[in-house]
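A.B. asks: Input structure: target-v9.cif, which contains mmCIF, C-alpha atoms.
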data_upload
#
loop_
_atom_site.group_PDB
_atom_site.id
_atom_site.type_symbol
_atom_site.label_atom_id
_atom_site.label_comp_id
_atom_site.auth_asym_id
_atom_site.auth_seq_id
_atom_site.Cartn_x
_atom_site.Cartn_y
_atom_site.Cartn_z
ATOM 1 C CA MET A 26 14.488 -7.432 17.835
ATOM 2 C CA VAL A 27 11.268 -5.470 18.438
ATOM 3 C CA ALA A 28 8.227 -6.510 16.398
ATOM 4 C CA ALA A 29 6.720 -3.917 14.070
ATOM 5 C CA ILE A 30 3.305 -4.639 15.580
ATOM 6 C CA SER A 31 2.513 -6.567 18.724
ATOM 7 C CA THR A 32 -0.946 -6.873 20.239
ATOM 8 C CA ILE A 33 -1.616 -8.316 23.674
ATOM 9 C CA ASN A 34 -5.182 -9.499 24.366
ATOM 10 C CA ILE A 35 -6.626 -6.376 22.758
ATOM 11 C CA THR A 36 -10.406 -6.034 23.001
ATOM 12 C CA LYS A 37 -12.809 -3.351 21.796
ATOM 13 C CA ARG A 38 -16.518 -3.157 22.583
ATOM 14 C CA PHE A 39 -19.010 -0.543 21.429
ATOM 15 C CA PRO A 40 -22.337 0.328 23.063
ATOM 16 C CA ARG A 41 -25.255 -0.938 20.985
ATOM 17 C CA THR A 42 -27.883 1.690 20.361
ATOM 18 C CA THR A 43 -31.141 1.047 18.568
ATOM 19 C CA GLY A 44 -32.776 4.357 19.370
ATOM 20 C CA TYR A 45 -32.617 7.464 21.498
ATOM 21 C CA ARG A 46 -33.878 5.578 24.584
ATOM 22 C CA ASP A 47 -30.626 3.592 24.660
ATOM 23 C CA LEU A 48 -28.788 6.852 25.377
ATOM 24 C CA LEU A 49 -30.674 7.542 28.601
ATOM 25 C CA PRO A 50 -28.467 7.162 31.700
ATOM 26 C CA PHE A 51 -30.807 4.819 33.611
ATOM 27 C CA ARG A 52 -31.021 2.238 30.819
ATOM 28 C CA GLU A 53 -28.806 -0.811 30.953
ATOM 29 C CA ARG A 54 -26.271 -0.725 28.122
ATOM 30 C CA LYS A 55 -25.873 -3.550 25.678
ATOM 31 C CA TRP A 56 -22.470 -4.015 24.084
ATOM 32 C CA VAL A 57 -21.189 -5.300 20.767
ATOM 33 C CA THR A 58 -17.724 -6.843 20.785
ATOM 34 C CA ALA A 59 -15.818 -5.875 17.632
ATOM 35 C CA VAL A 60 -12.363 -7.221 18.592
ATOM 36 C CA GLU A 61 -11.835 -9.806 21.324
ATOM 37 C CA ASP A 62 -8.547 -10.885 22.929
ATOM 38 C CA ILE A 63 -6.402 -10.538 19.803
ATOM 39 C CA SER A 64 -2.728 -11.313 20.327
ATOM 40 C CA LEU A 65 -0.324 -11.276 17.403
ATOM 41 C CA ASP A 66 3.182 -10.268 16.362
ATOM 42 C CA ILE A 67 4.086 -8.892 12.936
ATOM 43 C CA GLU A 68 7.724 -8.406 12.014
ATOM 44 C CA GLU A 69 9.121 -5.416 10.107
ATOM 45 C CA GLY A 70 8.920 -5.930 6.341
ATOM 46 C CA GLU A 71 6.171 -8.533 6.655
ATOM 47 C CA LEU A 72 2.977 -8.211 4.625
ATOM 48 C CA PHE A 73 0.078 -9.214 6.829
ATOM 49 C CA GLY A 74 -3.563 -9.457 5.780
ATOM 50 C CA LEU A 75 -6.701 -9.464 7.879
ATOM 51 C CA LEU A 76 -9.407 -11.479 6.181
ATOM 52 C CA GLY A 77 -12.971 -11.942 7.321
ATOM 53 C CA PRO A 78 -16.588 -11.089 6.621
ATOM 54 C CA ASN A 79 -18.076 -7.642 7.048
ATOM 55 C CA GLY A 80 -18.378 -6.828 10.736
ATOM 56 C CA ALA A 81 -15.544 -9.150 11.788
ATOM 57 C CA GLY A 82 -13.536 -6.298 13.383
ATOM 58 C CA LYS A 83 -10.809 -5.815 10.760
ATOM 59 C CA THR A 84 -11.240 -2.043 10.490
ATOM 60 C CA THR A 85 -11.649 -1.693 14.257
ATOM 61 C CA LEU A 86 -8.321 -3.474 14.829
ATOM 62 C CA ILE A 87 -6.631 -1.144 12.334
ATOM 63 C CA LYS A 88 -8.158 1.905 14.053
ATOM 64 C CA LEU A 89 -6.891 0.632 17.405
ATOM 65 C CA LEU A 90 -3.364 0.281 15.991
ATOM 66 C CA CYS A 91 -3.541 3.817 14.546
ATOM 67 C CA CYS A 92 -4.676 5.270 17.910
ATOM 68 C CA LEU A 93 -8.016 6.358 16.451
ATOM 69 C CA VAL A 94 -10.032 4.407 19.030
ATOM 70 C CA LEU A 95 -9.030 3.152 22.472
ATOM 71 C CA PRO A 96 -9.250 -0.495 23.543
ATOM 72 C CA ASN A 97 -11.484 -1.590 26.406
ATOM 73 C CA SER A 98 -8.743 -3.955 27.533
ATOM 74 C CA GLY A 99 -5.355 -5.174 26.408
ATOM 75 C CA THR A 100 -2.914 -3.069 24.448
ATOM 76 C CA ALA A 101 -0.664 -3.002 21.412
ATOM 77 C CA LYS A 102 2.762 -1.733 20.473
ATOM 78 C CA VAL A 103 4.111 -0.362 17.217
ATOM 79 C CA PHE A 104 7.904 -0.675 17.077
ATOM 80 C CA GLY A 105 7.894 -0.851 20.869
ATOM 81 C CA TYR A 106 5.681 2.218 21.385
ATOM 82 C CA ASP A 107 2.518 1.553 23.369
ATOM 83 C CA ILE A 108 -0.701 2.778 21.713
ATOM 84 C CA LEU A 109 -1.977 3.993 25.091
ATOM 85 C CA LYS A 110 1.164 5.613 26.515
ATOM 86 C CA ASP A 111 2.991 6.762 23.362
ATOM 87 C CA GLU A 112 0.152 7.863 21.089
ATOM 88 C CA GLN A 113 2.077 10.589 19.219
ATOM 89 C CA ALA A 114 5.098 8.342 18.620
ATOM 90 C CA VAL A 115 2.783 5.649 17.199
ATOM 91 C CA LYS A 116 0.989 8.163 14.968
ATOM 92 C CA ASN A 117 4.361 9.304 13.605
ATOM 93 C CA LEU A 118 5.142 5.714 12.564
ATOM 94 C CA VAL A 119 1.892 4.712 10.895
ATOM 95 C CA GLY A 120 -0.023 5.625 7.771
ATOM 96 C CA LEU A 121 -3.628 4.751 6.993
ATOM 97 C CA VAL A 122 -5.286 4.291 3.636
ATOM 98 C CA SER A 123 -8.968 4.500 4.391
ATOM 99 C CA ALA A 124 -11.756 3.882 1.920
ATOM 100 C CA GLU A 125 -13.881 6.495 3.709
ATOM 101 C CA GLU A 126 -14.354 9.329 1.225
ATOM 102 C CA ARG A 127 -15.693 11.626 3.957
ATOM 103 C CA SER A 128 -12.147 12.070 5.194
ATOM 104 C CA PHE A 129 -11.328 14.397 2.284
ATOM 105 C CA PHE A 130 -12.464 17.962 1.627
ATOM 106 C CA TRP A 131 -14.781 17.705 -1.356
ATOM 107 C CA ARG A 132 -14.683 21.337 -2.544
ATOM 108 C CA ILE A 133 -10.908 21.638 -2.890
ATOM 109 C CA THR A 134 -8.490 19.961 -5.279
ATOM 110 C CA ALA A 135 -6.490 16.809 -4.715
ATOM 111 C CA ARG A 136 -3.310 18.848 -4.424
ATOM 112 C CA GLU A 137 -4.911 21.170 -1.842
ATOM 113 C CA ASN A 138 -6.155 18.153 0.127
ATOM 114 C CA LEU A 139 -2.646 16.702 0.212
ATOM 115 C CA ARG A 140 -1.208 20.096 1.168
ATOM 116 C CA PHE A 141 -3.579 20.225 4.140
ATOM 117 C CA PHE A 142 -2.596 16.727 5.297
ATOM 118 C CA ALA A 143 1.110 17.515 4.742
ATOM 119 C CA SER A 144 0.724 20.425 7.171
ATOM 120 C CA LEU A 145 -0.484 17.949 9.802
ATOM 121 C CA TYR A 146 2.828 16.107 9.335
ATOM 122 C CA ARG A 147 4.574 19.469 9.748
ATOM 123 C CA LEU A 148 6.253 19.264 6.344
ATOM 124 C CA SER A 149 7.798 22.559 5.270
ATOM 125 C CA GLY A 150 6.465 24.260 2.147
ATOM 126 C CA ARG A 151 9.279 22.917 -0.025
ATOM 127 C CA GLN A 152 9.160 19.411 1.486
ATOM 128 C CA SER A 153 5.400 19.386 1.091
ATOM 129 C CA LYS A 154 5.507 20.427 -2.564
ATOM 130 C CA GLU A 155 8.178 17.849 -3.437
ATOM 131 C CA ARG A 156 6.463 15.004 -1.561
ATOM 132 C CA ILE A 157 3.029 15.811 -3.004
ATOM 133 C CA ASN A 158 4.383 15.903 -6.567
ATOM 134 C CA GLU A 159 6.240 12.625 -5.976
ATOM 135 C CA LEU A 160 3.100 10.904 -4.690
ATOM 136 C CA LEU A 161 0.770 12.317 -7.343
ATOM 137 C CA ASN A 162 3.138 10.893 -9.971
ATOM 138 C CA LEU A 163 3.375 7.583 -8.114
ATOM 139 C CA VAL A 164 -0.408 7.050 -8.039
ATOM 140 C CA GLY A 165 -0.978 8.457 -11.533
ATOM 141 C CA LEU A 166 -2.883 11.605 -10.578
ATOM 142 C CA ALA A 167 -0.323 14.265 -11.576
ATOM 143 C CA ASP A 168 -2.420 15.423 -14.550
ATOM 144 C CA GLU A 169 -5.631 15.559 -12.467
ATOM 145 C CA ALA A 170 -4.111 17.063 -9.311
ATOM 146 C CA ASP A 171 -5.857 20.412 -9.676
ATOM 147 C CA ILE A 172 -9.359 19.021 -10.108
ATOM 148 C CA ARG A 173 -11.760 19.271 -7.172
ATOM 149 C CA PHE A 174 -12.090 16.066 -5.176
ATOM 150 C CA GLN A 175 -15.867 16.060 -5.711
ATOM 151 C CA ASN A 176 -15.261 15.580 -9.446
ATOM 152 C CA TYR A 177 -13.008 12.542 -8.974
ATOM 153 C CA SER A 178 -14.167 9.050 -9.880
ATOM 154 C CA THR A 179 -14.245 6.467 -7.109
ATOM 155 C CA GLY A 180 -10.992 4.959 -8.400
ATOM 156 C CA MET A 181 -9.280 8.366 -8.434
ATOM 157 C CA ARG A 182 -10.433 8.939 -4.847
ATOM 158 C CA GLN A 183 -8.888 5.618 -3.832
ATOM 159 C CA LYS A 184 -5.590 6.601 -5.502
ATOM 160 C CA LEU A 185 -5.613 9.893 -3.582
ATOM 161 C CA ALA A 186 -6.233 7.974 -0.343
ATOM 162 C CA ILE A 187 -3.150 5.873 -1.083
ATOM 163 C CA ALA A 188 -1.092 9.031 -1.689
ATOM 164 C CA ARG A 189 -2.334 10.507 1.589
ATOM 165 C CA GLY A 190 -1.443 7.313 3.468
ATOM 166 C CA LEU A 191 2.142 7.533 2.189
ATOM 167 C CA LEU A 192 2.540 11.274 2.807
ATOM 168 C CA GLY A 193 4.373 10.997 6.144
ATOM 169 C CA ARG A 194 6.698 8.175 4.977
ATOM 170 C CA PRO A 195 5.230 5.699 7.466
ATOM 171 C CA ARG A 196 7.142 2.655 8.671
ATOM 172 C CA VAL A 197 3.822 0.796 8.914
ATOM 173 C CA LEU A 198 1.071 1.297 6.351
ATOM 174 C CA PHE A 199 -2.436 0.115 7.170
ATOM 175 C CA VAL A 200 -4.625 -0.359 4.129
ATOM 176 C CA GLY A 201 -8.312 -1.241 4.204
ATOM 177 C CA GLU A 202 -9.459 -2.687 0.871
ATOM 178 C CA PRO A 203 -6.462 -1.317 -1.066
ATOM 179 C CA THR A 204 -7.715 -2.127 -4.566
ATOM 180 C CA ARG A 205 -11.342 -1.142 -3.985
ATOM 181 C CA SER A 206 -12.768 0.654 -7.041
ATOM 182 C CA LEU A 207 -9.469 0.591 -8.938
ATOM 183 C CA ASP A 208 -9.318 -0.481 -12.569
ATOM 184 C CA PRO A 209 -7.354 -3.730 -13.231
ATOM 185 C CA VAL A 210 -4.147 -1.901 -14.272
ATOM 186 C CA SER A 211 -4.157 0.349 -11.187
ATOM 187 C CA ALA A 212 -5.006 -2.588 -8.912
ATOM 188 C CA GLN A 213 -2.018 -4.503 -10.297
ATOM 189 C CA ALA A 214 0.248 -1.486 -9.705
ATOM 190 C CA VAL A 215 -0.874 -1.305 -6.059
ATOM 191 C CA ARG A 216 -0.181 -5.019 -5.562
#
So that I can check it, write out the structure of this file as structure tokens.
C.D. replies:
Amino acid sequence: MVAAISTINITKRFPRTTGYRDLLPFRERKWVTAVEDISLDIEEGELFGLLGPNGAGKTTLIKLLCCLVLPNSGTAKVFGYDILKDEQAVKNLVGLVSAEERSFFWRITARENLRFFASLYRLSGRQSKERINELLNLVGLADEADIRFQNYSTGMRQKLAIARGLLGRPRVLFVGEPTRSLDPVSAQAVR
């Protein structure tokens, strides 16, 4: 049986820049290692948590597995699809709930945001409408769906991020700080 997620010595380094001089071509680059030689296997249906202090590489590992950044060495597979060779197949299998509010359009409503992201999944108009309504009900935003994102509380923004992560019916859902900014009742519902 193929593991849901399998990483093989995956490593990611980023160039360290402290100022514009570090960007000059003749300067020697200094590197920061965010993820180093991680190997793991996660089976389908398993809940797996990455715990560690800020800067430990948790978000970087998730971004590697979602094909948002490329590794410097090693690789990973999602249901047998290589993140380097089968990028589109991997992206079709994964969903990401990101706490980064900049990933939404602030001047449009929650429903319009979800409609935009549904179009990226190539959902038809009818499929999109049904799925968006289903998810808005699931996360408790149905009554606030036509309010601009900029007017949402931090907790409401997190709920919308969860809805967006589930939009494409992913087989693997990556969630960074899933209960961040949620009230106790909403946090319990997510758990």
A.B. asks: List the residues selected by the PyMOL selection byres ((chain A and resi 89-100) around 8) in the file shown, writing them as a CSV table (one decimal) with C-alpha atoms, in the frame of the given file.
C.D. replies:
chain,number,residue,atom,x,y,z
A,32,THR,CA,-0.9,-6.9,20.2
A,33,ILE,CA,-1.6,-8.3,23.7
A,34,ASN,CA,-5.2,-9.5,24.4
A,35,ILE,CA,-6.6,-6.4,22.8
A,36,THR,CA,-10.4,-6.0,23.0
A,37,LYS,CA,-12.8,-3.4,21.8
A,38,ARG,CA,-16.5,-3.2,22.6
A,62,ASP,CA,-8.5,-10.9,22.9
A,85,THR,CA,-11.6,-1.7,14.3
A,86,LEU,CA,-8.3,-3.5,14.8
A,87,ILE,CA,-6.6,-1.1,12.3
A,88,LYS,CA,-8.2,1.9,14.1
A,101,ALA,CA,-0.7,-3.0,21.4
A,102,LYS,CA,2.8,-1.7,20.5
A,103,VAL,CA,4.1,-0.4,17.2
A,107,ASP,CA,2.5,1.6,23.4
A,108,ILE,CA,-0.7,2.8,21.7
A,109,LEU,CA,-2.0,4.0,25.1
A,112,GLU,CA,0.2,7.9,21.1
A,115,VAL,CA,2.8,5.6,17.2
A,116,LYS,CA,1.0,8.2,15.0
A,119,VAL,CA,1.9,4.7,10.9
A,120,GLY,CA,0.0,5.6,7.8
A,121,LEU,CA,-3.6,4.8,7.0
A.B. asks: Residues near A:Phe73, anyone? I mean within 12 Å using only C-alpha atoms, not counting same-chain ones fewer than 6 positions away, as a PyMOL selection string.
C.D. replies: chain A and resi 29-30+65-67+87+197-201
A.B. asks: Given the file shown, determine the residues that the PyMOL selection byres ((chain A and resi 194) around 12) selects; report them as a list in words.
C.D. replies: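 With the shown file as input, the PyMOL selection byres ((chain A and resi 194) around 12) matches Lys116, Asn117, Leu118, Val119, Gly120, Leu121, Ala143, Tyr146, Leu148, Ser153, Arg156, Ile157, Glu159, Leu160, Ile187, Ala188, Arg189, Gly190, Leu191, Leu192, Gly193, Pro195, Arg196, Val197 and Leu198 of chain A.
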A.B. asks: Taking the file as shown, what set of residues would the PyMOL selection byres ((chain A and resi 204) around 9) give back, as a short mmCIF file (atom, residue, chain, number, x, y, z; two decimals) with C-alpha atoms, in the frame of the given file?
C.D. replies:
data_model
loop_
_atom_site.label_atom_id
_atom_site.label_comp_id
_atom_site.auth_asym_id
_atom_site.auth_seq_id
_atom_site.Cartn_x
_atom_site.Cartn_y
_atom_site.Cartn_z
CA GLY A 180 -10.99 4.96 -8.40
CA GLN A 183 -8.89 5.62 -3.83
CA GLY A 201 -8.31 -1.24 4.20
CA GLU A 202 -9.46 -2.69 0.87
CA PRO A 203 -6.46 -1.32 -1.07
CA ARG A 205 -11.34 -1.14 -3.98
CA SER A 206 -12.77 0.65 -7.04
CA LEU A 207 -9.47 0.59 -8.94
CA ASP A 208 -9.32 -0.48 -12.57
CA PRO A 209 -7.35 -3.73 -13.23
CA SER A 211 -4.16 0.35 -11.19
CA ALA A 212 -5.01 -2.59 -8.91
CA GLN A 213 -2.02 -4.50 -10.30
CA VAL A 215 -0.87 -1.30 -6.06
CA ARG A 216 -0.18 -5.02 -5.56
#
A.B. asks: Find the spatial neighbours of stretch 39-47 of chain A, counting all atoms listed in the file, within a cut-off of 6 Å - ignore same-chain residues fewer than 4 positions away - and output them as a PyMOL selection string.
C.D. replies: chain A and resi 55-57
A.B. asks: Please write the residues from the selection above to a file, keeping C-alpha atoms, as a short mmCIF file (atom, residue, chain, number, x, y, z; two decimals), in the coordinates of the input.
C.D. replies:
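File produced: again30.cif:
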data_model
loop_
_atom_site.label_atom_id
_atom_site.label_comp_id
_atom_site.auth_asym_id
_atom_site.auth_seq_id
_atom_site.Cartn_x
_atom_site.Cartn_y
_atom_site.Cartn_z
CA LYS A 55 -25.87 -3.55 25.68
CA TRP A 56 -22.47 -4.01 24.08
CA VAL A 57 -21.19 -5.30 20.77
#
A.B. asks: So how far away is atom CA of A:Ser64 from atom CA of A:Tyr106, in Å?
C.D. replies: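 It comes out at 16.0 Å.
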A.B. asks: Have a look at atom CA of A:Leu49 and atom CA of A:Gly82 and let me know their distance in Å, one decimal.
C.D. replies: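 Atom CA of A:Leu49 sits 26.8 Å away from atom CA of A:Gly82.
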